[in-house]
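**Q** My structure is stored as coords20.cif, with mmCIF, C-alpha atoms.
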data_protein
#
loop_
_atom_site.label_atom_id
_atom_site.label_comp_id
_atom_site.auth_asym_id
_atom_site.auth_seq_id
_atom_site.Cartn_x
_atom_site.Cartn_y
_atom_site.Cartn_z
CA MET A 15 -53.93 80.27 181.08
CA VAL A 16 -56.84 82.44 179.93
CA ARG A 17 -58.04 79.62 177.62
CA PHE A 18 -57.84 77.14 180.49
CA LEU A 19 -59.93 79.38 182.75
CA LYS A 20 -62.51 79.84 180.02
CA ARG A 21 -62.75 76.08 179.50
CA VAL A 22 -63.07 75.33 183.22
CA GLY A 23 -65.61 78.11 183.60
CA LYS A 24 -67.74 76.59 180.82
CA LYS A 25 -67.63 73.16 182.49
CA VAL A 26 -68.63 74.50 185.90
CA PHE A 27 -71.41 76.63 184.40
CA ALA A 28 -72.82 73.61 182.55
CA ARG A 29 -72.81 71.54 185.74
CA LEU A 30 -74.49 74.34 187.72
CA LYS A 31 -77.25 74.52 185.09
CA ILE A 32 -77.85 70.79 185.37
CA LEU A 33 -77.77 70.88 189.16
CA ALA A 34 -80.41 73.60 189.18
CA SER A 35 -82.48 71.57 186.73
CA GLY A 36 -82.14 68.48 188.92
CA LEU A 37 -83.39 70.38 191.95
CA ARG A 38 -86.41 71.55 189.97
CA GLY A 39 -87.02 68.07 188.56
CA ALA A 40 -87.85 66.37 191.83
CA GLY A 41 -91.61 65.85 191.90
CA LYS A 42 -93.96 65.67 194.85
CA ASP A 43 -93.90 61.88 194.73
CA GLY A 44 -90.11 61.89 194.86
CA SER A 45 -89.80 61.00 191.16
CA PHE A 46 -87.12 62.65 189.05
CA SER A 47 -87.60 64.02 185.56
CA PRO A 48 -84.39 65.69 184.28
CA ASP A 49 -85.27 68.71 182.17
CA ALA A 50 -81.97 70.52 181.63
CA ASP A 51 -80.92 71.94 178.30
CA PRO A 52 -79.86 68.93 176.14
CA GLU A 53 -76.66 70.73 175.17
CA SER A 54 -75.72 70.95 178.86
CA TYR A 55 -75.97 67.18 179.18
CA LYS A 56 -73.88 66.73 176.05
CA GLN A 57 -71.22 69.09 177.38
CA ALA A 58 -71.19 67.15 180.65
CA ALA A 59 -70.59 63.93 178.69
CA ILE A 60 -67.67 65.61 176.91
CA ASP A 61 -66.18 66.77 180.22
CA TYR A 62 -66.95 63.62 182.23
CA PRO A 63 -63.49 61.95 182.09
CA GLY A 64 -61.83 65.13 183.42
CA PHE A 65 -63.96 65.12 186.59
CA LEU A 66 -63.17 61.52 187.55
CA PRO A 67 -60.87 60.84 190.52
CA PRO A 68 -57.57 59.08 189.60
CA ASP A 69 -58.77 55.55 190.47
CA ASN A 70 -61.91 55.88 188.37
CA ARG A 71 -59.99 57.38 185.49
CA TYR A 72 -57.51 54.49 185.56
CA TYR A 73 -60.46 52.11 185.26
CA LEU A 74 -61.19 53.60 181.83
CA TYR A 75 -57.99 51.91 180.65
CA THR A 76 -58.66 48.54 182.30
CA LYS A 77 -62.45 48.08 182.02
CA PRO A 78 -63.94 45.47 182.36
CA PHE A 79 -61.00 44.22 184.46
CA ASP A 80 -61.37 45.87 187.85
CA SER A 81 -58.94 45.55 190.76
CA ILE A 82 -60.49 48.44 192.70
CA LYS A 83 -64.26 48.12 192.65
CA ASN A 84 -66.64 45.22 193.23
CA LYS A 85 -65.60 42.12 191.26
CA LYS A 86 -69.27 41.43 190.57
CA ASP A 87 -69.26 44.31 188.08
CA SER A 88 -66.48 42.66 186.06
CA ALA A 89 -68.23 39.29 186.12
CA MET A 90 -71.48 40.91 184.98
CA LEU A 91 -69.80 42.63 182.03
CA PHE A 92 -68.08 39.41 180.91
CA HIS A 93 -71.35 37.47 181.11
CA ARG A 94 -73.24 40.11 179.17
CA PHE A 95 -70.58 40.41 176.49
CA ALA A 96 -70.60 36.64 175.94
CA SER A 97 -74.41 36.58 175.87
CA MET A 98 -74.47 39.45 173.37
CA LEU A 99 -72.21 37.56 170.95
CA GLU A 100 -74.47 34.53 171.24
CA ILE A 101 -77.64 36.55 170.62
CA ILE A 102 -76.46 38.83 167.83
CA GLN A 103 -74.84 36.02 165.76
CA LEU A 104 -72.58 38.05 163.48
CA PRO A 105 -70.15 36.50 160.99
CA GLN A 106 -66.44 37.26 161.01
CA ARG A 107 -65.50 40.71 159.65
CA ALA A 108 -69.01 42.04 160.05
CA LYS A 109 -69.04 45.83 160.37
CA VAL A 110 -70.20 46.89 163.84
CA LEU A 111 -70.95 50.36 165.21
CA ASP A 112 -70.26 50.74 168.95
CA VAL A 113 -72.43 53.72 169.94
CA ALA A 114 -71.21 55.92 172.83
CA CYS A 115 -68.19 53.64 173.03
CA GLY A 116 -66.58 55.54 175.92
CA PRO A 117 -63.04 54.26 176.58
CA GLY A 118 -63.48 51.57 173.92
CA TRP A 119 -63.48 48.42 176.02
CA LEU A 120 -66.39 46.93 174.08
CA SER A 121 -64.86 48.00 170.75
CA GLU A 122 -61.62 46.29 171.79
CA PHE A 123 -63.38 43.05 172.70
CA LEU A 124 -65.43 43.10 169.49
CA ALA A 125 -62.28 43.68 167.41
CA ARG A 126 -60.55 40.82 169.23
CA SER A 127 -63.55 38.68 168.26
CA GLY A 128 -62.91 39.31 164.57
CA TYR A 129 -65.29 42.16 163.75
CA ASP A 130 -64.63 45.39 161.84
CA VAL A 131 -65.48 47.90 164.57
CA THR A 132 -66.15 51.63 164.56
CA GLY A 133 -66.71 53.38 167.86
CA VAL A 134 -68.28 56.82 168.20
CA ASP A 135 -68.31 58.98 171.31
CA ILE A 136 -68.94 62.66 171.99
CA SER A 137 -65.92 62.95 174.31
CA PRO A 138 -62.50 63.49 172.66
CA ASP A 139 -60.87 62.34 175.90
CA MET A 140 -62.73 59.02 175.74
CA ILE A 141 -61.75 58.49 172.11
CA ARG A 142 -58.11 59.23 172.92
CA ILE A 143 -58.20 56.54 175.61
CA ALA A 144 -59.94 54.12 173.22
CA ASN A 145 -57.19 54.60 170.62
CA GLU A 146 -54.52 54.08 173.28
CA ARG A 147 -56.17 50.81 174.34
CA ILE A 148 -56.23 49.46 170.80
CA ARG A 149 -52.61 50.42 170.13
CA ALA A 150 -51.54 48.66 173.33
CA VAL A 151 -52.89 45.27 172.16
CA GLN A 152 -50.09 43.24 170.58
CA PHE A 153 -52.08 40.37 169.12
CA ALA A 154 -55.25 40.26 167.02
CA CYS A 155 -57.48 37.23 166.55
CA ARG A 156 -55.96 36.56 163.11
CA ASP A 157 -52.29 35.72 162.61
CA HIS A 158 -49.89 38.46 161.53
CA GLU A 159 -52.52 41.21 161.78
CA ALA A 160 -52.48 44.12 164.19
CA LEU A 161 -55.68 44.75 166.12
CA GLU A 162 -57.71 47.49 164.47
CA ALA A 163 -60.72 49.57 165.46
CA HIS A 164 -61.77 52.94 164.11
CA PHE A 165 -63.02 55.75 166.31
CA ILE A 166 -65.03 58.91 165.61
CA VAL A 167 -65.36 61.93 167.89
CA GLY A 168 -68.86 63.27 167.56
CA ASP A 169 -72.48 63.42 168.61
CA THR A 170 -74.18 60.27 167.29
CA GLU A 171 -77.19 62.38 166.23
CA THR A 172 -75.09 64.51 163.86
CA ALA A 173 -71.69 62.82 163.30
CA ASP A 174 -70.77 61.60 159.81
CA LEU A 175 -71.20 57.84 160.24
CA GLY A 176 -71.59 57.06 156.54
CA SER A 177 -74.66 55.47 154.98
CA ASP A 178 -75.72 51.79 154.80
CA LEU A 179 -72.42 50.72 156.28
CA TYR A 180 -72.98 48.56 159.32
CA HIS A 181 -74.25 45.05 159.81
CA ALA A 182 -74.99 45.82 163.46
CA ALA A 183 -75.05 48.67 165.97
CA ILE A 184 -74.71 48.26 169.72
CA PHE A 185 -75.95 50.45 172.56
CA PHE A 186 -74.26 48.89 175.57
CA ASP A 187 -75.48 50.60 178.74
CA CYS A 188 -75.52 54.05 177.12
CA LEU A 189 -78.89 54.93 175.56
CA HIS A 190 -80.06 56.47 178.85
CA HIS A 191 -77.37 59.17 178.45
CA PHE A 192 -78.90 60.59 175.24
CA PRO A 193 -81.16 63.65 175.67
CA ASN A 194 -83.01 62.73 172.45
CA PRO A 195 -83.00 58.92 172.21
CA GLN A 196 -85.55 58.95 169.38
CA ALA A 197 -83.33 61.06 167.13
CA THR A 198 -80.33 58.92 168.05
CA LEU A 199 -82.08 55.67 167.14
CA GLU A 200 -83.33 57.15 163.87
CA ARG A 201 -79.78 58.22 162.99
CA VAL A 202 -78.39 54.75 163.68
CA PHE A 203 -81.25 53.19 161.70
CA LYS A 204 -80.07 55.13 158.63
CA VAL A 205 -76.48 53.83 158.78
CA LEU A 206 -77.42 50.16 159.17
CA LYS A 207 -77.52 47.92 156.14
CA PRO A 208 -80.96 46.55 155.19
CA GLY A 209 -81.48 43.60 157.51
CA GLY A 210 -78.95 45.06 159.97
CA LYS A 211 -79.24 44.33 163.68
CA LEU A 212 -79.55 46.63 166.67
CA TYR A 213 -78.57 45.37 170.12
CA ILE A 214 -79.47 47.29 173.28
CA GLN A 215 -78.28 46.48 176.80
CA GLU A 216 -79.87 48.80 179.35
CA GLY A 217 -81.04 48.87 182.92
CA VAL A 218 -84.71 49.18 183.83
CA LYS A 219 -86.37 52.39 185.00
CA PRO A 220 -86.55 52.24 188.82
CA PRO A 221 -89.77 52.91 190.73
CA PRO A 222 -90.37 56.56 191.73
CA GLY A 223 -88.74 57.43 195.03
CA SER A 224 -86.76 54.18 195.18
CA ASP A 225 -83.13 53.92 196.31
CA ASP A 226 -82.10 53.17 192.72
CA GLU A 227 -83.74 56.37 191.50
CA LYS A 228 -82.01 58.34 194.25
CA LYS A 229 -78.67 56.95 193.04
CA LEU A 230 -79.43 58.21 189.53
CA ILE A 231 -80.28 61.65 190.89
CA GLU A 232 -76.99 61.73 192.78
CA GLU A 233 -75.10 60.67 189.66
CA ILE A 234 -76.62 63.54 187.67
CA ARG A 235 -75.81 66.04 190.40
CA ARG A 236 -72.26 64.80 190.76
CA TYR A 237 -71.22 64.66 187.09
CA GLY A 238 -73.96 66.47 185.20
CA THR A 239 -74.48 63.56 182.78
CA LEU A 240 -78.00 62.44 181.92
CA GLU A 241 -79.24 59.27 183.65
CA LYS A 242 -82.70 58.55 182.29
CA PRO A 243 -83.46 54.82 181.98
CA PHE A 244 -86.46 53.36 180.20
CA SER A 245 -89.26 50.94 180.84
CA GLN A 246 -89.34 48.09 178.33
CA ALA A 247 -92.57 49.44 176.85
CA GLU A 248 -90.91 52.82 176.28
CA LEU A 249 -87.95 51.21 174.52
CA PHE A 250 -90.17 49.10 172.29
CA GLU A 251 -92.13 52.19 171.27
CA LEU A 252 -88.95 54.17 170.53
CA LEU A 253 -87.66 51.33 168.33
CA LYS A 254 -90.94 51.02 166.44
CA GLN A 255 -91.06 54.78 165.84
CA ALA A 256 -87.48 54.65 164.49
CA GLY A 257 -88.50 51.95 161.97
CA PHE A 258 -87.12 48.79 163.57
CA VAL A 259 -88.96 45.48 163.28
CA ALA A 260 -88.70 41.95 164.73
CA ILE A 261 -88.05 43.42 168.17
CA GLN A 262 -87.21 40.70 170.68
CA ALA A 263 -86.63 41.07 174.43
CA TYR A 264 -84.11 38.88 176.25
CA GLU A 265 -83.19 38.61 179.89
CA ALA A 266 -79.59 39.13 180.98
CA ILE A 267 -78.83 36.62 183.74
CA GLN A 268 -75.65 35.03 185.04
CA LEU A 269 -74.76 31.94 183.03
CA ILE A 270 -73.74 29.78 186.01
CA VAL A 271 -76.25 28.89 188.73
CA LYS A 272 -76.14 26.63 191.76
CA ARG A 273 -77.44 23.08 191.52
CA LYS A 274 -78.32 20.71 194.32
CA GLY A 275 -79.45 17.39 192.93
CA ARG A 276 -82.04 18.30 190.30
CA ALA A 277 -82.90 21.62 191.93
CA ILE A 278 -81.46 24.84 190.52
CA THR A 279 -81.23 28.10 192.43
CA PRO A 280 -82.17 30.84 191.98
CA HIS A 281 -85.57 29.74 190.70
CA LEU A 282 -86.00 32.02 187.70
CA ALA A 283 -89.75 31.54 187.55
CA ASP A 284 -89.95 33.75 190.66
CA ALA A 285 -87.69 36.48 189.27
CA PRO A 286 -89.14 39.93 188.45
CA VAL A 287 -89.44 40.52 184.70
CA PRO A 288 -87.91 42.45 183.15
CA MET A 289 -84.71 42.52 185.22
CA THR A 290 -82.88 44.27 182.37
CA ASN A 291 -83.65 45.82 179.02
CA THR A 292 -81.83 43.46 176.69
CA ILE A 293 -83.25 43.84 173.20
CA LEU A 294 -82.45 42.76 169.64
CA ALA A 295 -84.16 44.57 166.77
CA HIS A 296 -83.74 44.61 162.99
CA LYS A 297 -83.82 47.06 160.12
CA PRO A 298 -86.28 45.75 157.49
CA GLY A 299 -85.14 44.24 154.19
CA GLY A 300 -81.79 42.97 153.11
CA SER A 301 -80.32 39.70 151.97
CA PHE A 302 -77.25 37.72 152.93
CA ASP A 303 -74.32 36.33 151.02
CA SER A 304 -71.38 34.16 152.02
CA ARG A 305 -69.23 37.17 152.93
CA PHE A 306 -71.65 37.93 155.76
CA ALA A 307 -73.91 34.91 155.91
CA ASN A 308 -76.88 34.26 158.16
CA VAL A 309 -77.84 30.58 157.70
CA LEU A 310 -75.33 28.32 155.91
CA LYS A 311 -76.81 24.92 155.09
CA ALA A 312 -76.45 22.51 152.20
CA ASP A 313 -77.95 19.23 151.01
CA LEU A 314 -75.15 17.09 149.52
CA ARG A 315 -75.98 13.99 147.44
CA VAL A 316 -73.66 11.65 145.53
CA ILE A 317 -74.89 11.02 142.00
CA GLY A 318 -73.66 8.36 139.62
CA GLN A 319 -71.02 5.91 140.85
CA ALA A 320 -70.71 5.42 144.61
CA PRO A 321 -67.37 6.33 146.26
CA PRO A 322 -64.79 3.49 146.20
CA GLN A 323 -64.20 1.80 149.53
CA ALA A 324 -60.73 0.39 148.80
CA MET A 325 -57.84 1.93 146.88
CA ALA A 326 -54.07 2.21 146.71
CA ALA A 327 -52.28 4.93 148.67
CA GLY A 328 -52.11 8.23 146.78
CA THR A 329 -54.83 7.26 144.29
CA ASP A 330 -56.88 10.11 142.82
CA ILE A 331 -60.59 9.88 143.64
CA GLU A 332 -63.47 11.45 141.70
CA ILE A 333 -67.00 11.86 143.06
CA GLN A 334 -69.88 13.64 141.37
CA LEU A 335 -72.24 15.47 143.69
CA SER A 336 -75.44 17.46 143.55
CA ILE A 337 -75.38 20.32 146.07
CA LYS A 338 -78.45 22.34 147.04
CA ASN A 339 -78.33 25.62 148.97
CA THR A 340 -80.87 25.05 151.76
CA GLY A 341 -79.89 28.13 153.79
CA ASP A 342 -80.86 31.76 153.33
CA SER A 343 -77.53 33.17 152.14
CA HIS A 344 -76.29 33.59 148.57
CA TRP A 345 -73.14 31.51 147.93
CA LEU A 346 -70.47 33.47 146.10
CA SER A 347 -68.23 31.35 143.87
CA LYS A 348 -65.40 33.69 142.83
CA PRO A 349 -62.25 33.25 144.97
CA GLN A 350 -61.16 36.33 146.90
CA PRO A 351 -58.01 36.79 149.05
CA GLU A 352 -60.15 37.73 152.07
CA GLY A 353 -62.38 34.65 151.69
CA GLY A 354 -66.17 34.76 151.83
CA PHE A 355 -66.69 32.42 148.85
CA VAL A 356 -68.05 28.86 149.03
CA SER A 357 -66.35 25.67 147.92
CA LEU A 358 -66.59 21.93 148.54
CA GLY A 359 -63.93 20.56 150.88
CA THR A 360 -62.69 17.21 152.18
CA LYS A 361 -61.73 16.23 155.71
CA LEU A 362 -59.65 13.14 156.45
CA LEU A 363 -60.55 11.23 159.63
CA ASP A 364 -58.91 8.21 161.22
CA ALA A 365 -60.73 4.94 161.96
CA ASN A 366 -62.09 6.48 165.19
CA HIS A 367 -63.47 9.56 163.41
CA CYS A 368 -60.73 11.82 164.77
CA LEU A 369 -59.69 14.62 162.43
CA LEU A 370 -56.35 14.11 160.69
CA ALA A 371 -56.42 16.82 158.04
CA GLU A 372 -58.81 19.34 156.50
CA VAL A 373 -56.44 21.25 154.22
CA LEU A 374 -57.11 19.04 151.20
CA LEU A 375 -58.01 20.04 147.66
CA ARG A 376 -61.15 22.16 147.33
CA THR A 377 -63.61 22.15 144.45
CA LEU A 378 -64.78 25.61 143.42
CA LEU A 379 -68.40 26.18 142.44
CA PRO A 380 -68.94 26.91 138.72
CA PHE A 381 -71.28 29.83 139.52
CA ASP A 382 -72.96 31.66 142.39
CA VAL A 383 -75.75 29.65 144.03
CA ALA A 384 -78.83 31.39 145.43
CA PRO A 385 -80.94 29.92 148.26
CA GLY A 386 -83.03 27.04 146.90
CA GLU A 387 -80.82 26.53 143.84
CA SER A 388 -78.60 23.49 143.11
CA VAL A 389 -75.28 22.90 141.40
CA THR A 390 -73.50 19.74 140.19
CA VAL A 391 -69.74 19.42 140.70
CA LEU A 392 -67.06 16.79 140.06
CA HIS A 393 -65.00 16.60 143.24
CA ARG A 394 -61.41 15.33 143.09
CA PHE A 395 -59.02 14.51 145.91
CA SER A 396 -56.25 12.03 146.67
CA ALA A 397 -56.28 9.05 149.00
CA PRO A 398 -53.88 9.20 151.98
CA ALA A 399 -50.26 8.30 151.27
CA THR A 400 -50.21 5.96 154.29
CA PRO A 401 -52.02 2.60 154.26
CA GLY A 402 -54.79 2.06 156.82
CA ARG A 403 -58.49 2.51 157.52
CA PHE A 404 -59.87 6.05 157.22
CA TRP A 405 -63.06 8.03 156.88
CA ILE A 406 -63.67 10.74 154.28
CA LYS A 407 -65.97 13.63 155.16
CA LEU A 408 -67.31 15.97 152.47
CA ASP A 409 -68.56 19.36 153.57
CA MET A 410 -69.14 22.83 152.18
CA VAL A 411 -66.88 25.59 153.45
CA ASP A 412 -67.32 29.35 153.51
CA GLU A 413 -63.65 30.13 152.99
CA GLN A 414 -61.94 31.90 155.92
CA VAL A 415 -65.31 32.02 157.68
CA THR A 416 -66.60 28.56 158.68
CA TRP A 417 -67.29 24.96 157.69
CA PHE A 418 -70.99 24.41 157.10
CA GLU A 419 -70.97 21.52 159.58
CA ASP A 420 -70.13 23.99 162.35
CA GLU A 421 -73.34 25.84 161.47
CA GLY A 422 -75.51 22.73 161.75
CA SER A 423 -75.39 21.54 158.13
CA LYS A 424 -75.17 17.81 157.32
CA THR A 425 -72.11 16.23 155.69
CA ILE A 426 -71.38 13.10 153.68
CA GLU A 427 -69.08 10.48 155.24
CA PHE A 428 -67.80 7.15 153.91
CA PRO A 429 -65.06 4.69 154.94
CA ILE A 430 -62.03 3.83 152.81
CA GLN A 431 -59.40 1.13 153.11
CA VAL A 432 -56.02 2.33 151.81
CA ARG A 433 -53.51 -0.35 150.80
CA THR A 434 -49.87 -0.25 149.77
CA PRO A 435 -49.48 0.43 146.02
CA GLY A 436 -48.47 -2.46 143.76
#
Would you mind giving the structure from this file in structure tokens?
**A**
Amino acid sequence: MVRFLKRVGKKVFARLKILASGLRGAGKDGSFSPDADPESYKQAAIDYPGFLPPDNRYYLYTKPFDSIKNKKDSAMLFHRFASMLEIIQLPQRAKVLDVACGPGWLSEFLARSGYDVTGVDISPDMIRIANERIRAVQFACRDHEALEAHFIVGDTETADLGSDLYHAAIFFDCLHHFPNPQATLERVFKVLKPGGKLYIQEGVKPPPGSDDEKKLIEEIRRYGTLEKPFSQAELFELLKQAGFVAIQAYEAIQLIVKRKGRAITPHLADAPVPMTNTILAHKPGGSFDSRFANVLKADLRVIGQAPPQAMAAGTDIEIQLSIKNTGDSHWLSKPQPEGGFVSLGTKLLDANHCLLAEVLLRTLLPFDVAPGESVTVLHRFSAPATPGRFWIKLDMVDEQVTWFEDEGSKTIEFPIQVRTPG
């Protein structure tokens, strides 16, 4: 009982300190500049889940699905998650750091999408909820595998996040909670791999004295957590100071708009810019390989004898090819159980170019192939066992990751007429 009173007393004292700071922070022009002790804001973030009313606390388990609040919030989160995946372009099993992950909804969705996710949050209560969410999911995106995500309780500025671990880090609507965003970005910069990506989804700093700013002031006074959004110029400067390069701003908009004839509404040319702070930045350096590829493209050419166009069912076929790596990712050649190595594959299509089978014999590469280099292989496969007209498609495949064709690479196709043996 004494411990409980001490804990509650500490929470209330921290909130009173922030409230006093908030009252001092209101300027003559109505603007608000929070200036409380950073540790008070951090303590408020730790305590935040315990101050939520029951309905809001339940939402921590269901977010982004919301049966209580405005459905527009759920739709917005779904749109922005889908847009983030499209922008960040990460390969399967990429290691992703979800910063200030809260109840872990984004970590859950990223893990369901096939990524190796680590979430970090300063609140033990939030991390407990995040772990409960992951354990409650029965099915992962890969067969016979339980959904996994790893969570760390700690302050992102000081927590042990490892070194050179992550292919990407994500700040999804959270950077404005950090009392020292510069130190936080610098810390995340250190744990990204060379060439790693940083994705930020934030609101935009409201005008001084506006209704939106008043809402932020009320939020600080109610929960004690820091609400300090940025202008886009401020964010760009923070990222540059932390060492990030190739900083690109995007605009987060709904993906479906009304159309009447050829006219589309709303007319985005009239929209205020920026409407959000949606930013992708990169850590300098780095290279890619087929385990975590960036651009997978190949130039395939048949050399020597042309492929036969007629053959008996079940006949073995040999084709010699020259294959050039025209992408930017190093092709690994050694087979691994988890995939990530490159081979030459065959797809069987019917006379109408509809896929019949793609699990045919593969040809392994004799050695690793760097971007710009070429390799010659002798590719063997068998004609269909059933007579008829077919098409053969040859394509490179990053095993357990993707076919090159799906990444925009060109293939080789030729028709074959299969007859009954004898």
**Q** Once the PyMOL selection byres ((chain A and resi 247-256) around 12) is applied to the coordinates I shared, what remains selected? I want it as a PyMOL selection string.
**A** chain A and resi 189-190+194-204+211-219+242-246+257-263+288+290-298
**Q** Evaluate the PyMOL selection byres ((chain A and resi 435) around 12) here and jot the selected residues down as a list of chain:residue names.
**A**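 Expected selection for the PyMOL selection byres ((chain A and resi 435) around 12) here is A:Ala324, A:Met325, A:Ala326, A:Ala327, A:Gly328, A:Thr329, A:Ala397, A:Pro398, A:Ala399, A:Thr400, A:Pro401, A:Val432, A:Arg433, A:Thr434, A:Gly436.
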**Q** Here's the selection I'm unsure about, the PyMOL selection byres ((chain A and resi 139-156) around 12); applied to the file above, which residues does it give, as a ChimeraX atom specification?
**A** /A:59-66,71-77,106-107,112-138,157-168,352,414-415
**Q** Would you mind reading off the distance between CA of Ala320 in chain A and CA of Ser396 in chain A, one decimal, in Å?
**A**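 CA of Ser396 in chain A lies at a distance of 16.0 Å from CA of Ala320 in chain A.
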**Q** Could you check how far CA of Gln350 in chain A sits from CA of Val205 in chain A, in Å to one decimal?
**A**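 Interatomic distance, CA of Gln350 in chain A to CA of Val205 in chain A: 26.1 Å.
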**Q** Report, in Å with one decimal, the straight-line distance from CA of Gly318 in chain A to CA of Leu335 in chain A.
**A**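 So the answer is 8.3 Å.
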**Q** Give me, as a Markdown table, each residue of range 60-166 of chain A that comes within 10 Å of range 302-309 of chain A, together with its shortest interatomic pair and the distance in Å at one decimal, counting all atoms listed in the file, with rows ordered by chain and rising residue number.
**A**
| residue | atom | partner | partner_atom | distance |
| --- | --- | --- | --- | --- |
| A:Gln103 | CA | A:Asn308 | CA | 8.1 |
| A:Leu104 | CA | A:Phe306 | CA | 7.8 |
| A:Pro105 | CA | A:Phe306 | CA | 5.6 |
| A:Gln106 | CA | A:Phe306 | CA | 7.4 |
| A:Arg107 | CA | A:Phe306 | CA | 7.8 |
| A:Ala108 | CA | A:Phe306 | CA | 6.5 |
| A:Lys109 | CA | A:Phe306 | CA | 9.5 |
**Q** Given the selection you just returned, output its residues as a file containing C-alpha atoms, formatted as a compact mmCIF listing (two decimals), in the frame of the given file.
**A**
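And here is the file that came out, result08.txt:
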# COMPACT_ATOMS: atom_id res chain seq x y z
CA GLN A 103 -74.84 36.02 165.76
CA LEU A 104 -72.58 38.05 163.48
CA PRO A 105 -70.15 36.50 160.99
CA GLN A 106 -66.44 37.26 161.01
CA ARG A 107 -65.50 40.71 159.65
CA ALA A 108 -69.01 42.04 160.05
CA LYS A 109 -69.04 45.83 160.37
**Q** Of the candidates A:Val110, A:Leu408, A:Leu378, A:Leu240, which shows the shortest atom-to-atom distance to Lys361 in chain A, using only C-alpha atoms?
**A**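 That would be A:Leu408, the residue with the smallest distance to Lys361 in chain A.
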**Q** When you count all atoms listed in the file, which of these residues is closest to Met90 in chain A: A:Ala371, A:Ile317, A:Val411, A:Ile267?
**A**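 Of the candidates, the smallest distance to Met90 in chain A is held by A:Ile267.
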**Q** Taking into account only C-alpha atoms, which residue in the set A:Ser88, A:Met98, A:Glu233, A:Pro208 is nearest to Glu265 in chain A?
**A**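 Closest to Glu265 in chain A of all the choices is A:Met98.
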**Q** Kindly write range 366-385 of chain A with C-alpha atoms to a file, as a short mmCIF file (atom, residue, chain, number, x, y, z; two decimals), in the first residue's frame.
**A**
data_model
loop_
_atom_site.label_atom_id
_atom_site.label_comp_id
_atom_site.auth_asym_id
_atom_site.auth_seq_id
_atom_site.Cartn_x
_atom_site.Cartn_y
_atom_site.Cartn_z
CA ASN A 366 -3.27 -18.37 -73.60
CA HIS A 367 -0.30 -17.36 -71.43
CA CYS A 368 -2.02 -18.45 -68.21
CA LEU A 369 0.33 -19.83 -65.56
CA LEU A 370 0.25 -23.60 -65.14
CA ALA A 371 3.30 -24.21 -62.97
CA GLU A 372 6.35 -22.38 -61.64
CA VAL A 373 7.82 -25.04 -59.35
CA LEU A 374 10.10 -26.48 -62.04
CA LEU A 375 13.80 -27.24 -61.88
CA ARG A 376 16.02 -24.28 -61.01
CA THR A 377 19.55 -23.64 -62.23
CA LEU A 378 21.90 -22.35 -59.54
CA LEU A 379 24.44 -19.67 -60.36
CA PRO A 380 28.08 -20.88 -60.35
CA PHE A 381 29.20 -17.84 -58.32
CA ASP A 382 27.97 -14.59 -56.81
CA VAL A 383 27.19 -11.92 -59.41
CA ALA A 384 27.79 -8.24 -58.66
CA PRO A 385 25.86 -5.42 -60.37
#
